[in-house]
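Structure below is model.cif: mmCIF, C-alpha atoms.
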```
data_run
#
loop_
_atom_site.label_atom_id
_atom_site.label_comp_id
_atom_site.auth_asym_id
_atom_site.auth_seq_id
_atom_site.Cartn_x
_atom_site.Cartn_y
_atom_site.Cartn_z
CA MET A 21 106.79 160.74 98.53
CA PRO A 22 105.13 159.25 95.43
CA ARG A 23 101.73 160.99 95.72
CA PRO A 24 99.29 162.23 94.28
CA HIS A 25 99.17 159.05 92.19
CA PRO A 26 96.93 156.23 93.40
CA VAL A 27 98.14 153.89 96.08
CA THR A 28 99.24 150.52 94.78
CA PRO A 29 100.83 147.61 96.64
CA SER A 30 104.24 148.80 95.44
CA ARG A 31 103.49 152.46 96.10
CA PRO A 32 102.57 153.18 99.75
CA SER A 33 100.76 156.39 100.58
CA ALA A 34 102.23 159.08 102.81
CA LEU A 35 99.94 157.76 105.53
CA GLY A 36 100.93 154.09 105.33
CA HIS A 37 99.71 151.15 103.29
CA CYS A 38 96.03 151.92 102.73
CA ALA A 39 93.56 151.97 99.89
CA PRO A 40 92.85 155.33 98.22
CA CYS A 41 90.15 157.05 100.20
CA ALA A 42 88.73 160.33 101.42
CA ILE A 43 90.26 161.13 104.78
CA PRO A 44 88.01 163.09 107.17
CA PRO A 45 89.47 166.31 108.63
CA HIS A 46 89.54 164.94 112.19
CA ILE A 47 91.82 162.09 111.04
CA LEU A 48 94.09 164.52 109.20
CA GLU A 49 94.27 166.66 112.36
CA ARG A 50 95.46 163.62 114.35
CA ILE A 51 98.09 162.90 111.72
CA VAL A 52 99.30 166.51 112.02
CA ARG A 53 99.61 166.03 115.79
CA ASN A 54 101.08 162.51 115.82
CA GLY A 55 102.59 161.63 112.44
CA SER A 56 106.11 161.69 111.11
CA ASP A 57 107.43 164.93 109.61
CA ASP A 58 106.44 163.85 106.09
CA GLN A 59 102.99 162.69 107.20
CA ARG A 60 102.38 165.95 109.09
CA SER A 61 103.42 167.98 106.06
CA TRP A 62 101.07 166.09 103.73
CA ALA A 63 98.16 166.14 106.17
CA LEU A 64 98.56 169.86 106.89
CA SER A 65 98.75 170.69 103.19
CA THR A 66 95.59 168.65 102.59
CA LEU A 67 93.75 170.32 105.50
CA VAL A 68 94.55 173.80 104.19
CA GLN A 69 93.28 172.96 100.70
CA ASP A 70 90.30 171.04 102.10
CA SER A 71 89.17 174.06 104.10
CA SER A 72 89.21 176.22 101.00
CA HIS A 73 87.23 173.67 98.98
CA ARG A 74 84.63 173.27 101.74
CA THR A 75 84.15 177.04 101.96
CA ILE A 76 83.67 177.30 98.20
CA ARG A 77 81.19 174.39 98.26
CA VAL A 78 79.08 176.06 100.97
CA HIS A 79 79.15 179.37 99.12
CA ASN A 80 78.12 177.78 95.81
CA GLY A 81 75.34 175.85 97.54
CA GLN A 82 73.97 179.05 98.99
CA LEU A 83 74.07 180.71 95.57
CA ARG A 84 72.23 177.79 93.98
CA ALA A 85 69.60 177.87 96.71
CA ALA A 86 69.06 181.60 96.14
CA GLN A 87 68.68 181.07 92.39
CA ARG A 88 66.26 178.13 92.56
CA GLY A 89 63.37 180.03 91.02
CA ALA A 90 63.80 177.99 87.86
CA ALA A 91 64.91 174.54 89.01
CA PRO A 92 66.56 172.28 86.44
CA PRO A 93 64.52 169.37 85.15
CA ARG A 94 64.58 166.50 87.60
CA LEU A 95 66.00 163.13 86.58
CA SER A 96 64.78 159.82 87.89
CA PRO A 97 67.30 157.66 89.76
CA ASP A 98 66.48 155.13 87.03
CA ASP A 99 68.25 157.45 84.58
CA GLY A 100 71.51 156.61 86.35
CA PRO A 101 74.44 158.81 87.23
CA ARG A 102 75.99 161.45 85.03
CA ARG A 103 79.70 161.08 85.78
CA THR A 104 82.62 163.14 84.51
CA VAL A 105 86.24 162.67 85.56
CA GLY A 106 88.88 165.30 84.89
CA ASP A 107 92.66 165.13 85.19
CA ALA A 108 94.37 168.16 86.74
CA THR A 109 97.82 166.69 85.85
CA GLY A 110 99.32 168.00 89.10
CA ALA A 111 97.91 171.52 88.74
CA GLU A 112 95.31 173.02 91.09
CA THR A 113 92.88 174.00 88.36
CA LEU A 114 89.44 172.42 88.33
CA PRO A 115 88.03 170.44 86.73
CA GLY A 116 91.09 169.64 84.64
CA ARG A 117 90.99 168.00 81.22
CA THR A 118 87.99 165.68 80.85
CA VAL A 119 89.32 162.13 80.54
CA ARG A 120 86.20 160.01 81.09
CA THR A 121 82.45 160.62 80.99
CA GLU A 122 79.35 158.53 81.62
CA GLY A 123 79.25 155.49 79.35
CA ASP A 124 82.93 155.65 78.36
CA ALA A 125 85.03 152.51 78.62
CA ALA A 126 87.70 152.24 81.31
CA VAL A 127 90.97 154.01 80.53
CA ASP A 128 94.61 153.13 81.28
CA ASP A 129 94.79 155.48 84.31
CA VAL A 130 93.77 153.54 87.43
CA ALA A 131 92.96 156.73 89.35
CA VAL A 132 90.47 157.80 86.66
CA ASN A 133 88.70 154.44 86.73
CA GLU A 134 88.60 154.37 90.53
CA ALA A 135 87.15 157.90 90.61
CA CYS A 136 84.49 156.96 88.05
CA ASP A 137 83.61 153.79 89.97
CA GLY A 138 83.49 155.77 93.22
CA LEU A 139 81.08 158.28 91.69
CA GLY A 140 78.88 155.38 90.55
CA ALA A 141 78.95 153.85 94.03
CA THR A 142 78.03 157.22 95.53
CA PHE A 143 75.08 157.57 93.17
CA THR A 144 73.92 154.02 93.94
CA PHE A 145 74.27 154.57 97.69
CA TYR A 146 72.14 157.73 97.70
CA SER A 147 69.57 156.09 95.42
CA GLU A 148 69.25 152.81 97.31
CA ALA A 149 69.73 154.02 100.90
CA PHE A 150 67.74 157.26 100.70
CA GLY A 151 65.74 157.09 97.46
CA ARG A 152 67.57 160.23 96.31
CA ASP A 153 68.27 161.27 92.74
CA SER A 154 72.02 161.90 93.06
CA ILE A 155 73.56 163.63 96.07
CA ASP A 156 71.34 166.72 95.88
CA ASP A 157 68.13 164.78 95.06
CA GLU A 158 67.84 166.87 91.89
CA GLY A 159 69.85 164.74 89.47
CA MET A 160 73.13 166.55 90.08
CA ALA A 161 75.95 165.54 87.76
CA LEU A 162 78.81 163.87 89.62
CA LEU A 163 82.23 165.35 88.93
CA ALA A 164 85.66 164.17 90.04
CA THR A 165 89.18 165.38 89.41
CA VAL A 166 92.25 163.17 89.76
CA HIS A 167 95.93 164.09 90.06
CA TYR A 168 95.06 167.40 91.75
CA GLY A 169 98.00 169.41 93.07
CA ASP A 170 101.29 168.18 94.43
CA HIS A 171 100.48 167.45 98.08
CA TYR A 172 96.71 167.03 98.01
CA ASP A 173 96.07 163.65 99.60
CA ASN A 174 92.27 163.52 99.76
CA ALA A 175 89.08 163.54 97.69
CA PHE A 176 86.36 166.11 97.11
#
```

Represent the structure contained in this file as structure tokens.
Amino acid sequence: MPRPHPVTPSRPSALGHCAPCAIPPHILERIVRNGSDDQRSWALSTLVQDSSHRTIRVHNGQLRAAQRGAAPPRLSPDDGPRRTVGDATGAETLPGRTVRTEGDAAVDDVAVNEACDGLGATFTFYSEAFGRDSIDDEGMALLATVHYGDHYDNAF
């Protein structure tokens, strides 16, 4: 299987011909139950890693909430997103080497540019749909890592 590189018309994903996307756990669970051997293997590997990342995210959120005595200065949604994209180069170390930050021009790696664009779309969605300043409504920087692991077929 040619993952974790981005899906292109000549490079189908393990799950079929689809655009790169975040796959919800309930969809991955169905793939584990109904997919081919390769699809089940990829989906199960992703679910295991996903569970770990979700647990860490909840834990870190609780720590931040407990430490909020001195909140960081709040940005206005008019300030725009603060995006950083890292490249894990197949390792499972976050955030990886920084390869693009806010205001940088597009790079040669399609996955990096798609991640940066996706972070921008996320920021815009939260701002326009909910009037929020980033996803936490406190100007949170938006971070993404591409080329994470060997069988990680999802986003976080």

**OP:** Specify as a ChimeraX atom specification each residue included when the PyMOL selection byres ((chain A and resi 114) around 12) is applied to this file.
**Re:** /A:73,105-113,115-118,163-169,176

**OP:** Would you mind listing what lies within 12 Å of Ile51 (chain A) as number ranges by chain, with all atoms listed in the file counted and same-chain residues fewer than 2 positions away left out?
**Re:** A: 34-36, 43-49, 53-67

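CA of Thr121 (chain A) to CA of Gly138 (chain A) spans 13.2 Å [interatomic distance, one decimal].
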
Skipping near chain neighbours, those fewer than 6 positions away, what residues fall within 12 Å of Asp128 (chain A) using only C-alpha atoms, listed as a CSV table (one decimal) with C-alpha atoms, keeping the file's coordinate frame?
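File produced: out16.csv:
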```
chain,number,residue,atom,x,y,z
A,119,VAL,CA,89.3,162.1,80.5
A,120,ARG,CA,86.2,160.0,81.1
A,134,GLU,CA,88.6,154.4,90.5
```

**OP:** Evaluate the PyMOL selection byres ((chain A and resi 123) around 12) here and jot the selected residues down as a ChimeraX atom specification.
**Re:** /A:100-105,120-122,124-127,136-137,140

**OP:** Kindly resolve the PyMOL selection byres ((chain A and resi 143) around 12) on the present coordinates and return the residues as a ChimeraX atom specification.
**Re:** /A:96-103,136-142,144-163

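Here CA of Ala135 (chain A) stands at a distance of 13.9 Å from CA of Asp173 (chain A).
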